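J.: Below is input-v8.cif; it holds mmCIF, C-alpha atoms and all ligand atoms.
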data_input
#
loop_
_atom_site.group_PDB
_atom_site.id
_atom_site.type_symbol
_atom_site.label_atom_id
_atom_site.label_comp_id
_atom_site.auth_asym_id
_atom_site.auth_seq_id
_atom_site.Cartn_x
_atom_site.Cartn_y
_atom_site.Cartn_z
ATOM 1 C CA PHE A 15 63.050 15.666 -10.586
ATOM 2 C CA ARG A 16 61.371 14.033 -7.656
ATOM 3 C CA ALA A 17 63.199 16.161 -5.089
ATOM 4 C CA LYS A 18 62.262 19.265 -6.953
ATOM 5 C CA GLU A 19 58.668 18.202 -7.202
ATOM 6 C CA GLN A 20 58.645 17.466 -3.506
ATOM 7 C CA ARG A 21 60.157 20.795 -2.671
ATOM 8 C CA GLY A 22 57.609 22.417 -4.932
ATOM 9 C CA SER A 23 54.697 20.674 -3.268
ATOM 10 C CA LEU A 24 56.151 21.386 0.162
ATOM 11 C CA SER A 25 56.207 25.094 -0.447
ATOM 12 C CA PHE A 26 52.811 24.888 -2.067
ATOM 13 C CA PHE A 27 51.622 23.148 1.045
ATOM 14 C CA SER A 28 52.461 26.022 3.341
ATOM 15 C CA ASP A 29 51.136 28.529 0.812
ATOM 16 C CA ASP A 30 47.984 26.485 0.658
ATOM 17 C CA MET A 31 47.640 26.680 4.411
ATOM 18 C CA THR A 32 47.956 30.426 4.403
ATOM 19 C CA VAL A 33 45.550 30.646 1.522
ATOM 20 C CA ALA A 34 43.129 28.326 3.298
ATOM 21 C CA VAL A 35 43.199 30.410 6.465
ATOM 22 C CA GLN A 36 42.764 33.607 4.494
ATOM 23 C CA GLN A 37 39.943 32.108 2.499
ATOM 24 C CA ARG A 38 38.208 31.032 5.672
ATOM 25 C CA LEU A 39 38.478 34.466 7.192
ATOM 26 C CA ALA A 40 37.260 36.047 3.975
ATOM 27 C CA MET A 41 34.380 33.576 3.875
ATOM 28 C CA GLU A 42 33.454 34.397 7.475
ATOM 29 C CA GLN A 43 33.455 38.065 6.623
ATOM 30 C CA SER A 44 31.237 37.580 3.588
ATOM 31 C CA LEU A 45 28.891 35.330 5.564
ATOM 32 C CA ARG A 46 28.394 38.158 8.044
ATOM 33 C CA GLN A 47 27.662 40.516 5.170
ATOM 34 C CA ALA A 48 25.364 37.955 3.593
ATOM 35 C CA LEU A 49 23.281 37.943 6.759
ATOM 36 C CA GLU A 50 23.064 41.730 6.773
ATOM 37 C CA ARG A 51 22.357 41.973 3.071
ATOM 38 C CA GLN A 52 19.880 39.110 3.142
ATOM 39 C CA GLU A 53 21.620 37.068 0.483
ATOM 40 C CA PHE A 54 20.360 33.736 1.811
ATOM 41 C CA CYS A 55 17.269 32.065 0.474
ATOM 42 C CA LEU A 56 15.532 28.763 0.964
ATOM 43 C CA TYR A 57 14.838 26.164 -1.699
ATOM 44 C CA TYR A 58 12.308 23.491 -0.955
ATOM 45 C CA GLN A 59 12.533 19.845 -1.958
ATOM 46 C CA PRO A 60 9.258 17.918 -1.970
ATOM 47 C CA GLN A 61 8.818 14.655 -0.110
ATOM 48 C CA TRP A 62 6.342 12.124 -1.436
ATOM 49 C CA SER A 63 4.425 9.069 -0.392
ATOM 50 C CA THR A 64 6.552 6.200 -1.741
ATOM 51 C CA ASP A 65 4.086 5.480 -4.562
ATOM 52 C CA GLY A 66 4.560 9.079 -5.659
ATOM 53 C CA GLY A 67 0.850 9.799 -5.327
ATOM 54 C CA HIS A 68 0.948 12.385 -2.566
ATOM 55 C CA LEU A 69 3.190 15.247 -1.643
ATOM 56 C CA THR A 70 3.622 14.883 2.106
ATOM 57 C CA GLY A 71 6.190 17.507 3.006
ATOM 58 C CA VAL A 72 8.983 19.775 1.821
ATOM 59 C CA GLU A 73 12.509 20.150 3.161
ATOM 60 C CA ALA A 74 13.910 23.672 3.383
ATOM 61 C CA LEU A 75 17.485 23.800 2.035
ATOM 62 C CA ILE A 76 19.517 26.967 2.333
ATOM 63 C CA ARG A 77 21.199 28.635 -0.652
ATOM 64 C CA TRP A 78 23.470 31.635 -0.776
ATOM 65 C CA GLN A 79 22.780 33.963 -3.663
ATOM 66 C CA HIS A 80 26.176 35.612 -3.880
ATOM 67 C CA PRO A 81 26.227 38.904 -5.843
ATOM 68 C CA ASP A 82 29.366 37.922 -7.779
ATOM 69 C CA ARG A 83 29.738 34.194 -7.390
ATOM 70 C CA GLY A 84 26.160 33.141 -8.036
ATOM 71 C CA MET A 85 24.364 30.400 -6.168
ATOM 72 C CA ILE A 86 26.513 28.783 -3.498
ATOM 73 C CA PRO A 87 25.444 25.389 -2.080
ATOM 74 C CA PRO A 88 25.336 24.788 1.690
ATOM 75 C CA ALA A 89 28.259 22.351 1.649
ATOM 76 C CA ALA A 90 30.477 25.313 0.653
ATOM 77 C CA PHE A 91 29.559 27.532 3.596
ATOM 78 C CA ILE A 92 27.702 25.690 6.368
ATOM 79 C CA PRO A 93 30.943 24.155 7.733
ATOM 80 C CA VAL A 94 32.539 27.633 7.979
ATOM 81 C CA ALA A 95 29.373 28.974 9.565
ATOM 82 C CA GLU A 96 29.550 26.156 12.118
ATOM 83 C CA GLN A 97 33.225 26.719 12.910
ATOM 84 C CA SER A 98 32.791 30.448 13.333
ATOM 85 C CA GLY A 99 29.614 30.325 15.386
ATOM 86 C CA LEU A 100 27.659 32.177 12.687
ATOM 87 C CA ILE A 101 25.442 29.115 12.344
ATOM 88 C CA GLY A 102 23.498 30.375 15.353
ATOM 89 C CA GLN A 103 22.267 33.426 13.447
ATOM 90 C CA ILE A 104 21.922 31.620 10.137
ATOM 91 C CA GLY A 105 19.985 28.781 11.757
ATOM 92 C CA ARG A 106 17.648 31.251 13.434
ATOM 93 C CA TRP A 107 17.014 32.945 10.115
ATOM 94 C CA VAL A 108 16.252 29.591 8.441
ATOM 95 C CA LEU A 109 13.769 28.704 11.163
ATOM 96 C CA GLN A 110 12.023 32.093 10.958
ATOM 97 C CA GLU A 111 11.971 32.142 7.179
ATOM 98 C CA ALA A 112 10.562 28.609 6.850
ATOM 99 C CA CYS A 113 7.762 29.469 9.293
ATOM 100 C CA ARG A 114 7.037 32.765 7.538
ATOM 101 C CA GLN A 115 6.896 30.938 4.203
ATOM 102 C CA VAL A 116 4.298 28.505 5.514
ATOM 103 C CA ALA A 117 2.272 31.466 6.772
ATOM 104 C CA ARG A 118 2.537 33.199 3.366
ATOM 105 C CA TRP A 119 1.390 30.056 1.578
ATOM 106 C CA GLN A 120 -1.518 29.648 3.944
ATOM 107 C CA ALA A 121 -2.519 33.271 3.440
ATOM 108 C CA ALA A 122 -2.340 32.841 -0.345
ATOM 109 C CA GLY A 123 -4.422 29.662 -0.315
ATOM 110 C CA VAL A 124 -1.549 27.466 -1.481
ATOM 111 C CA PRO A 125 -1.971 23.940 -0.088
ATOM 112 C CA VAL A 126 0.811 23.661 2.461
ATOM 113 C CA PRO A 127 2.354 20.421 3.563
ATOM 114 C CA ARG A 128 4.781 20.162 6.412
ATOM 115 C CA VAL A 129 8.120 21.988 6.213
ATOM 116 C CA ALA A 130 11.295 20.319 7.488
ATOM 117 C CA VAL A 131 14.188 22.456 8.694
ATOM 118 C CA ASN A 132 17.761 21.255 9.214
ATOM 119 C CA VAL A 133 19.190 21.958 12.650
ATOM 120 C CA SER A 134 22.941 22.051 12.956
ATOM 121 C CA PRO A 135 24.670 20.235 15.866
ATOM 122 C CA GLN A 136 25.811 23.574 17.310
ATOM 123 C CA GLN A 137 22.265 24.814 17.572
ATOM 124 C CA LEU A 138 21.498 21.929 19.925
ATOM 125 C CA HIS A 139 24.154 23.303 22.257
ATOM 126 C CA TYR A 140 22.348 26.597 22.614
ATOM 127 C CA HIS A 141 19.549 26.635 25.089
ATOM 128 C CA SER A 142 18.176 29.505 23.038
ATOM 129 C CA LEU A 143 17.009 27.080 20.334
ATOM 130 C CA VAL A 144 13.851 26.278 22.277
ATOM 131 C CA ASP A 145 13.065 29.987 22.724
ATOM 132 C CA GLU A 146 13.902 30.723 19.101
ATOM 133 C CA LEU A 147 11.533 27.990 18.011
ATOM 134 C CA ALA A 148 8.771 29.351 20.213
ATOM 135 C CA ALA A 149 9.372 32.847 18.826
ATOM 136 C CA ALA A 150 9.359 31.684 15.197
ATOM 137 C CA LEU A 151 6.083 29.816 15.744
ATOM 138 C CA GLU A 152 4.484 32.729 17.509
ATOM 139 C CA GLU A 153 5.677 35.366 15.055
ATOM 140 C CA SER A 154 4.384 33.397 12.056
ATOM 141 C CA GLY A 155 1.274 32.073 13.756
ATOM 142 C CA ILE A 156 1.609 28.670 12.075
ATOM 143 C CA GLU A 157 0.536 25.429 13.714
ATOM 144 C CA PRO A 158 3.565 23.682 15.210
ATOM 145 C CA GLU A 159 2.617 20.386 13.507
ATOM 146 C CA ARG A 160 3.526 22.064 10.226
ATOM 147 C CA LEU A 161 7.139 22.148 11.254
ATOM 148 C CA GLU A 162 9.613 19.294 11.439
ATOM 149 C CA LEU A 163 13.155 19.672 12.760
ATOM 150 C CA GLU A 164 15.889 17.439 11.305
ATOM 151 C CA VAL A 165 18.856 16.553 13.476
ATOM 152 C CA THR A 166 21.650 14.098 12.792
ATOM 153 C CA GLU A 167 22.623 11.150 14.948
ATOM 154 C CA SER A 168 26.073 12.578 15.609
ATOM 155 C CA ALA A 169 24.539 15.845 16.810
ATOM 156 C CA LEU A 170 22.533 13.903 19.381
ATOM 157 C CA MET A 171 25.600 11.997 20.522
ATOM 158 C CA SER A 172 27.924 14.981 20.726
ATOM 159 C CA PRO A 173 29.382 15.600 24.171
ATOM 160 C CA GLY A 174 27.874 18.432 26.138
ATOM 161 C CA VAL A 175 24.456 18.004 24.577
ATOM 162 C CA ASN A 176 21.678 16.677 26.752
ATOM 163 C CA ALA A 177 19.855 15.499 23.685
ATOM 164 C CA GLU A 178 17.034 13.866 25.561
ATOM 165 C CA ASP A 179 16.050 17.052 27.404
ATOM 166 C CA MET A 180 16.606 19.210 24.347
ATOM 167 C CA LEU A 181 14.459 17.056 22.059
ATOM 168 C CA GLN A 182 11.806 16.792 24.745
ATOM 169 C CA ALA A 183 11.692 20.582 25.076
ATOM 170 C CA LEU A 184 11.437 21.012 21.306
ATOM 171 C CA ARG A 185 8.784 18.337 21.084
ATOM 172 C CA GLU A 186 6.743 20.030 23.793
ATOM 173 C CA GLN A 187 6.333 22.949 21.410
ATOM 174 C CA GLY A 188 4.374 20.582 19.182
ATOM 175 C CA VAL A 189 6.835 20.213 16.302
ATOM 176 C CA ARG A 190 7.866 16.913 14.705
ATOM 177 C CA LEU A 191 11.380 15.555 15.014
ATOM 178 C CA ALA A 192 13.334 13.654 12.383
ATOM 179 C CA ILE A 193 16.725 11.959 12.334
ATOM 180 C CA ASP A 194 18.591 12.992 9.182
ATOM 181 C CA ASP A 195 21.161 10.856 7.338
ATOM 182 C CA PHE A 196 20.162 7.874 9.461
ATOM 183 C CA GLY A 197 22.669 5.024 9.418
ATOM 184 C CA THR A 198 25.779 7.115 8.819
ATOM 185 C CA GLY A 199 26.405 8.529 12.264
ATOM 186 C CA TYR A 200 26.925 7.018 15.636
ATOM 187 C CA SER A 201 24.250 4.432 14.896
ATOM 188 C CA SER A 202 23.511 3.530 18.462
ATOM 189 C CA LEU A 203 20.068 2.039 18.303
ATOM 190 C CA ALA A 204 19.538 2.511 22.016
ATOM 191 C CA TYR A 205 18.781 6.194 21.568
ATOM 192 C CA LEU A 206 15.866 5.511 19.270
ATOM 193 C CA LYS A 207 13.697 4.452 22.155
ATOM 194 C CA ARG A 208 14.931 7.228 24.462
ATOM 195 C CA PHE A 209 14.252 10.118 22.126
ATOM 196 C CA PRO A 210 10.814 11.463 21.159
ATOM 197 C CA LEU A 211 11.116 11.024 17.384
ATOM 198 C CA ASP A 212 8.676 10.935 14.485
ATOM 199 C CA LEU A 213 10.711 10.159 11.377
ATOM 200 C CA LEU A 214 13.865 8.343 10.280
ATOM 201 C CA LYS A 215 15.469 9.608 7.097
ATOM 202 C CA ILE A 216 17.559 6.828 5.561
ATOM 203 C CA ASP A 217 20.771 8.304 4.189
ATOM 204 C CA LYS A 218 21.219 8.589 0.445
ATOM 205 C CA SER A 219 24.254 6.294 0.523
ATOM 206 C CA PHE A 220 21.966 3.334 1.341
ATOM 207 C CA THR A 221 19.486 4.321 -1.346
ATOM 208 C CA ASP A 222 22.383 4.486 -3.816
ATOM 209 C CA ASP A 223 23.437 0.910 -3.017
ATOM 210 C CA LEU A 224 19.946 -0.488 -2.566
ATOM 211 C CA LEU A 225 19.844 -2.444 -5.823
ATOM 212 C CA GLY A 226 23.543 -3.169 -6.174
ATOM 213 C CA SER A 227 24.282 -4.554 -2.749
ATOM 214 C CA LYS A 228 22.482 -7.269 -0.757
ATOM 215 C CA GLU A 229 23.885 -5.765 2.424
ATOM 216 C CA ALA A 230 22.511 -2.300 1.690
ATOM 217 C CA HIS A 231 19.160 -3.881 0.843
ATOM 218 C CA ALA A 232 19.192 -5.777 4.144
ATOM 219 C CA ILE A 233 20.091 -2.612 6.055
ATOM 220 C CA VAL A 234 17.316 -0.581 4.444
ATOM 221 C CA GLU A 235 14.818 -3.373 5.045
ATOM 222 C CA THR A 236 15.865 -3.563 8.688
ATOM 223 C CA ILE A 237 15.747 0.218 9.254
ATOM 224 C CA ILE A 238 12.213 0.303 7.860
ATOM 225 C CA LEU A 239 11.089 -2.612 10.063
ATOM 226 C CA LEU A 240 12.770 -1.128 13.106
ATOM 227 C CA GLY A 241 11.296 2.309 12.472
ATOM 228 C CA HIS A 242 7.822 0.891 12.083
ATOM 229 C CA ARG A 243 8.153 -1.274 15.189
ATOM 230 C CA LEU A 244 9.030 1.877 17.111
ATOM 231 C CA GLY A 245 6.067 3.720 15.656
ATOM 232 C CA LEU A 246 8.156 5.995 13.418
ATOM 233 C CA ASP A 247 7.699 6.969 9.797
ATOM 234 C CA VAL A 248 10.577 6.154 7.475
ATOM 235 C CA LEU A 249 11.722 8.212 4.487
ATOM 236 C CA ALA A 250 14.429 7.312 1.958
ATOM 237 C CA GLU A 251 16.661 10.167 0.794
ATOM 238 C CA GLY A 252 18.257 10.579 -2.609
ATOM 239 C CA VAL A 253 15.887 8.444 -4.689
ATOM 240 C CA GLU A 254 17.000 8.859 -8.291
ATOM 241 C CA THR A 255 15.571 5.915 -10.256
ATOM 242 C CA PRO A 256 12.189 4.209 -10.708
ATOM 243 C CA ALA A 257 13.846 0.908 -9.727
ATOM 244 C CA GLN A 258 14.854 2.372 -6.352
ATOM 245 C CA GLN A 259 11.366 3.702 -5.871
ATOM 246 C CA GLN A 260 9.839 0.282 -6.624
ATOM 247 C CA ALA A 261 12.217 -1.486 -4.258
ATOM 248 C CA LEU A 262 11.325 0.991 -1.509
ATOM 249 C CA GLU A 263 7.637 0.489 -2.175
ATOM 250 C CA GLN A 264 8.121 -3.262 -1.781
ATOM 251 C CA LEU A 265 9.901 -2.668 1.504
ATOM 252 C CA ALA A 266 6.930 -0.562 2.693
ATOM 253 C CA CYS A 267 9.004 2.598 3.100
ATOM 254 C CA ASP A 268 6.582 5.451 3.872
ATOM 255 C CA HIS A 269 8.113 8.399 2.044
ATOM 256 C CA ILE A 270 10.709 9.204 -0.587
ATOM 257 C CA GLN A 271 12.660 12.321 -1.476
ATOM 258 C CA GLY A 272 14.995 12.672 -4.409
ATOM 259 C CA TYR A 273 15.757 13.917 -7.891
ATOM 260 C CA LEU A 274 13.494 11.254 -9.415
ATOM 261 C CA MET A 275 10.486 13.114 -8.071
ATOM 262 C CA SER A 276 11.872 16.635 -7.784
ATOM 263 C CA ARG A 277 14.971 18.641 -7.083
ATOM 264 C CA PRO A 278 14.999 21.379 -4.467
ATOM 265 C CA LEU A 279 12.952 24.207 -5.995
ATOM 266 C CA PRO A 280 12.761 27.970 -5.550
ATOM 267 C CA VAL A 281 9.531 29.192 -3.930
ATOM 268 C CA VAL A 282 7.735 30.160 -7.142
ATOM 269 C CA GLU A 283 8.354 26.791 -8.786
ATOM 270 C CA LEU A 284 7.384 24.892 -5.665
ATOM 271 C CA GLU A 285 4.142 26.876 -5.472
ATOM 272 C CA ARG A 286 3.189 25.721 -8.934
ATOM 273 C CA LEU A 287 3.774 22.142 -7.866
ATOM 274 C CA LEU A 288 1.831 22.566 -4.623
ATOM 275 C CA ARG A 289 -1.185 23.858 -6.516
ATOM 276 C CA ASP A 290 -1.097 20.873 -8.902
ATOM 277 C CA ALA A 291 -0.088 17.990 -6.656
ATOM 278 C CA HIS A 292 -2.175 16.003 -4.191
ATOM 279 C CA VAL A 293 -0.925 17.583 -1.025
ATOM 280 C CA ASP A 294 -1.430 15.649 2.210
ATOM 281 C CA LEU A 295 -2.237 18.212 4.836
HETATM 282 P P1 LIG B 301 20.514 16.979 3.872
HETATM 283 O O1 LIG B 301 19.744 17.653 4.941
HETATM 284 O O2 LIG B 301 20.728 15.529 4.010
HETATM 285 O O3 LIG B 301 19.746 17.365 2.531
HETATM 286 C C1 LIG B 301 19.684 16.538 1.414
HETATM 287 C C2 LIG B 301 20.686 16.948 0.360
HETATM 288 O O4 LIG B 301 20.665 15.986 -0.699
HETATM 289 C C3 LIG B 301 20.354 18.283 -0.324
HETATM 290 O O5 LIG B 301 21.574 18.889 -0.725
HETATM 291 C C4 LIG B 301 19.579 17.832 -1.552
HETATM 292 O O6 LIG B 301 19.604 18.776 -2.599
HETATM 293 C C5 LIG B 301 20.352 16.597 -1.917
HETATM 294 N N1 LIG B 301 19.540 15.641 -2.685
HETATM 295 C C6 LIG B 301 18.231 15.385 -2.562
HETATM 296 N N2 LIG B 301 17.831 14.431 -3.408
HETATM 297 C C7 LIG B 301 18.921 14.062 -4.098
HETATM 298 C C8 LIG B 301 19.153 13.103 -5.149
HETATM 299 O O7 LIG B 301 18.267 12.400 -5.606
HETATM 300 N N3 LIG B 301 20.434 13.009 -5.611
HETATM 301 C C9 LIG B 301 21.445 13.776 -5.118
HETATM 302 N N4 LIG B 301 22.658 13.614 -5.644
HETATM 303 N N5 LIG B 301 21.261 14.695 -4.132
HETATM 304 C C10 LIG B 301 20.012 14.818 -3.638
HETATM 305 P P2 LIG B 301 21.924 20.404 -0.393
HETATM 306 O O8 LIG B 301 20.721 21.276 -0.530
HETATM 307 O O9 LIG B 301 23.150 20.764 -1.147
HETATM 308 O O10 LIG B 301 22.254 20.349 1.156
HETATM 309 C C11 LIG B 301 23.336 19.610 1.630
HETATM 310 C C12 LIG B 301 23.357 19.568 3.142
HETATM 311 O O11 LIG B 301 23.564 20.869 3.681
HETATM 312 C C13 LIG B 301 22.058 19.090 3.760
HETATM 313 O O12 LIG B 301 21.959 17.681 3.710
HETATM 314 C C14 LIG B 301 22.196 19.632 5.157
HETATM 315 O O13 LIG B 301 23.020 18.800 5.929
HETATM 316 C C15 LIG B 301 22.924 20.948 4.919
HETATM 317 N N6 LIG B 301 21.930 22.038 4.913
HETATM 318 C C16 LIG B 301 21.133 22.488 3.924
HETATM 319 N N7 LIG B 301 20.362 23.505 4.333
HETATM 320 C C17 LIG B 301 20.664 23.701 5.636
HETATM 321 C C18 LIG B 301 20.204 24.620 6.654
HETATM 322 O O14 LIG B 301 19.291 25.429 6.447
HETATM 323 N N8 LIG B 301 20.785 24.512 7.896
HETATM 324 C C19 LIG B 301 21.753 23.591 8.169
HETATM 325 N N9 LIG B 301 22.276 23.543 9.397
HETATM 326 N N10 LIG B 301 22.192 22.715 7.258
HETATM 327 C C20 LIG B 301 21.667 22.768 6.006
HETATM 328 MG MG MG B 302 18.077 17.282 5.918
HETATM 329 MG MG MG B 303 19.768 14.070 4.796
HETATM 330 MG MG MG B 304 22.236 13.552 3.480
#
Can you present the structure in this file as structure tokens?

T.:
Amino acid sequence: FRAKEQRGSLSFFSDDMTVAVQQRLAMEQSLRQALERQEFCLYYQPQWSTDGGHLTGVEALIRWQHPDRGMIPPAAFIPVAEQSGLIGQIGRWVLQEACRQVARWQAAGVPVPRVAVNVSPQQLHYHSLVDELAAALEESGIEPERLELEVTESALMSPGVNAEDMLQALREQGVRLAIDDFGTGYSSLAYLKRFPLDLLKIDKSFTDDLLGSKEAHAIVETIILLGHRLGLDVLAEGVETPAQQQALEQLACDHIQGYLMSRPLPVVELERLLRDAHVDL
């Protein structure tokens, strides 16, 4: 029985590989089409002062509205986009669209906080990112302070990226810079003083363990102290319970983002919230 099972799984294995390769190619093809057919959209997740009193920003999160398969989350296609190089075009679209959205809100009198945009590691390799940023700002006419770019630690540490120069060039355009998923990547603290940063986003995994683990609590406490000593704001990601929120308030964390306050929302729903909330401009 065992031998048979093994043989079965062996042949499945190679079938799986073929299927995986085919699926990837098919995915690449439909990503190209998605760009042409404009099937991507942005959801926006609010960020709050830790006491929940003020809405201080929103993070743009890409979604793929597939004609047959419905809403596809970024985890299902961003990796393929990165491997195939399509992330360059997708990333440019995200940047343009987020800036245009801010401009639309401003034109419509909707109180607009800052918008954060995720930048993929590959985009940092392209020198065109700085030009694309300049173009997106100019085209939309928004103030650069309205825009925050999120990069991960590992992106900054990846070989072939002169992160210091790149971040400096982006910063010179007047945008804010954030480190996303802080604590999960390379975690070299030395870079924090080299890079021109504004915000540390503590990864959700630490927020998850905040109340259950003394170590996680100590790490979060230390990140907040360190961030503040370096003059940075600190935000905790993935806040899901009032107890987590209270603990973060006690630790003097500046901002929170998570399902407790709000999920990522489509534009129309976010607008309703922006009109009702105390928005910090
Ligand atoms: P991220 O930038 O760390 O974004 C936070 C993710 O956590 C989002 O997932 C958000 O919906 C989710 N989240 C927020 N609060 C909670 C919570 O309380 N509980 C739980 N369980 N989840 C929470 P999403 O939208 O699926 O995005 C996943 C990742 O995909 C992002 O992680 C980011 O790395 C990437 N991504 C999203 N949009 C873009 C984009 O436009 N460009 C690039 N390059 N990457 C993107
Ligand atoms: Mg992010
Ligand atoms: Mg994150
Ligand atoms: Mg994360």

J.: Evaluating the PyMOL selection byres (((chain A and resi 151) around 12) and not hetatm) on the displayed file yields which residues, as JSON, numbers by chain?

T.: {"A": [106, 109, 110, 111, 112, 113, 114, 115, 116, 117, 144, 145, 146, 147, 148, 149, 150, 152, 153, 154, 155, 156, 157, 158, 159, 160, 161, 162, 184, 187, 188, 189]}

J.: Find the spatial neighbours of Ser63 in chain A, counting only C-alpha atoms, within a cut-off of 10 Å - ignore same-chain residues fewer than 4 positions away - and output them as a list in words.

T.: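 Using only C-alpha atoms, the neighbours found are Gly67, His68, Leu69, Thr70, Gly71, Leu249, Glu263, Cys267, Asp268, His269, Ile270, Gln271 and Asp294 of chain A.
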
J.: Mind dumping the selected residues with C-alpha atoms as a PDB file, in the coordinates of the input?

T.:
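Dumped to again-v2.pdb:
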ATOM      1  CA  GLY A  67       0.850   9.799  -5.327  1.00  0.00           C
ATOM      2  CA  HIS A  68       0.948  12.385  -2.566  1.00  0.00           C
ATOM      3  CA  LEU A  69       3.190  15.247  -1.643  1.00  0.00           C
ATOM      4  CA  THR A  70       3.622  14.883   2.106  1.00  0.00           C
ATOM      5  CA  GLY A  71       6.190  17.507   3.006  1.00  0.00           C
ATOM      6  CA  LEU A 249      11.722   8.212   4.487  1.00  0.00           C
ATOM      7  CA  GLU A 263       7.637   0.489  -2.175  1.00  0.00           C
ATOM      8  CA  CYS A 267       9.004   2.598   3.100  1.00  0.00           C
ATOM      9  CA  ASP A 268       6.582   5.451   3.872  1.00  0.00           C
ATOM     10  CA  HIS A 269       8.113   8.399   2.044  1.00  0.00           C
ATOM     11  CA  ILE A 270      10.709   9.204  -0.587  1.00  0.00           C
ATOM     12  CA  GLN A 271      12.660  12.321  -1.476  1.00  0.00           C
ATOM     13  CA  ASP A 294      -1.430  15.649   2.210  1.00  0.00           C
TER      14      ASP A 294
END

J.: Would you mind reading off the distance between CA of Arg77 in chain A and atom C3 of ligand LIG 301 (chain B), one decimal, in Å?

T.: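 Interatomic distance, CA of Arg77 in chain A to atom C3 of ligand LIG 301 (chain B): 10.4 Å.
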
J.: How many Å separate CA of Leu143 in chain A from CA of Met85 in chain A?

T.: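 Value for the CA of Leu143 in chain A-CA of Met85 in chain A distance: 27.7 Å.
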
J.: Taking all atoms listed in the file into account, produce a table as CSV in which each residue of chain A with an atom at most 10 Å from an atom of ligand MG 303 (chain B) appears once, together with its shortest atom pair and the distance in Å to one decimal, ordered by chain and rising number.

T.:
residue,atom,partner,partner_atom,distance
A:Glu73,CA,B:MG303,MG,9.6
A:Asn132,CA,B:MG303,MG,8.7
A:Glu164,CA,B:MG303,MG,8.3
A:Val165,CA,B:MG303,MG,9.1
A:Thr166,CA,B:MG303,MG,8.2
A:Ala192,CA,B:MG303,MG,10.0
A:Ile193,CA,B:MG303,MG,8.4
A:Asp194,CA,B:MG303,MG,4.7
A:Asp195,CA,B:MG303,MG,4.3
A:Phe196,CA,B:MG303,MG,7.8
A:Leu214,CA,B:MG303,MG,9.9
A:Lys215,CA,B:MG303,MG,6.6
A:Ile216,CA,B:MG303,MG,7.6
A:Asp217,CA,B:MG303,MG,5.9
A:Lys218,CA,B:MG303,MG,7.1
A:Ser219,CA,B:MG303,MG,9.9
A:Leu249,CA,B:MG303,MG,10.0
A:Ala250,CA,B:MG303,MG,9.1
A:Glu251,CA,B:MG303,MG,6.4
A:Gly252,CA,B:MG303,MG,8.3
A:Gln271,CA,B:MG303,MG,9.6

J.: Would you mind listing, for every residue of chain A within 7 Å of ligand LIG 301 (chain B), the two atoms forming the shortest contact and the distance between them in Å to one decimal, using all atoms listed in the file, sorted by chain and ascending residue number, as a Markdown table?

T.:
| residue | atom | partner | partner_atom | distance |
| --- | --- | --- | --- | --- |
| A:Ala74 | CA | B:LIG301 | O14 | 6.4 |
| A:Leu75 | CA | B:LIG301 | N7 | 3.7 |
| A:Ile76 | CA | B:LIG301 | N7 | 4.1 |
| A:Pro87 | CA | B:LIG301 | O9 | 5.2 |
| A:Pro88 | CA | B:LIG301 | O11 | 4.7 |
| A:Ala89 | CA | B:LIG301 | O11 | 5.3 |
| A:Ile92 | CA | B:LIG301 | N10 | 6.3 |
| A:Gly105 | CA | B:LIG301 | N8 | 5.8 |
| A:Val108 | CA | B:LIG301 | O14 | 5.5 |
| A:Val131 | CA | B:LIG301 | O14 | 6.3 |
| A:Asn132 | CA | B:LIG301 | N8 | 4.6 |
| A:Val133 | CA | B:LIG301 | N9 | 4.8 |
| A:Ser134 | CA | B:LIG301 | N9 | 3.9 |
| A:Asp194 | CA | B:LIG301 | O2 | 6.1 |
| A:Asp195 | CA | B:LIG301 | O2 | 5.8 |
| A:Glu251 | CA | B:LIG301 | N2 | 6.1 |
| A:Gly252 | CA | B:LIG301 | O7 | 3.5 |
| A:Val253 | CA | B:LIG301 | O7 | 4.7 |
| A:Glu254 | CA | B:LIG301 | O7 | 4.6 |
| A:Gln271 | CA | B:LIG301 | N2 | 5.9 |
| A:Gly272 | CA | B:LIG301 | N2 | 3.5 |
| A:Tyr273 | CA | B:LIG301 | O7 | 3.7 |
| A:Leu274 | CA | B:LIG301 | O7 | 6.2 |
| A:Arg277 | CA | B:LIG301 | N2 | 6.3 |
| A:Pro278 | CA | B:LIG301 | O6 | 5.6 |

J.: Nearest residue to Gln59 in chain A out of A:Gly84, A:Pro173, A:Pro127, A:Gly102, using all atoms listed in the file?

T.: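 Once distances to Gln59 in chain A are computed over all atoms listed in the file, the minimum belongs to A:Pro127.
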
J.: Using only C-alpha atoms and all ligand atoms for the distances, tell me which of A:Gln259, A:Gln61, A:Thr236, A:Gln37 is nearest to ligand MG 302 (chain B).

T.: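 Using only C-alpha atoms and all ligand atoms, the shortest distance to ligand MG 302 (chain B) belongs to A:Gln61.
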
J.: Go through A:Trp119, A:Leu206, A:Val72, A:Ala291 and flag the residue nearest ligand MG 302 (chain B), using only C-alpha atoms and all ligand atoms for the distances.

T.: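 Ranked by minimum distance to ligand MG 302 (chain B), first place goes to A:Val72.
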
J.: Applying the PyMOL selection byres (((chain A and resi 261) around 10) and not hetatm) to the file I just gave you, which residues come out? Please list them as a ChimeraX atom specification.

T.: /A:64,221,224-225,231,235,256-260,262-267

J.: List the neighbours of Gln47 in chain A out to 12 Å using all atoms listed in the file; skip same-chain residues closer than 4 positions along the sequence, and give me the result as a ChimeraX atom specification.

T.: /A:40-43,51-54,78,80-81,100,104
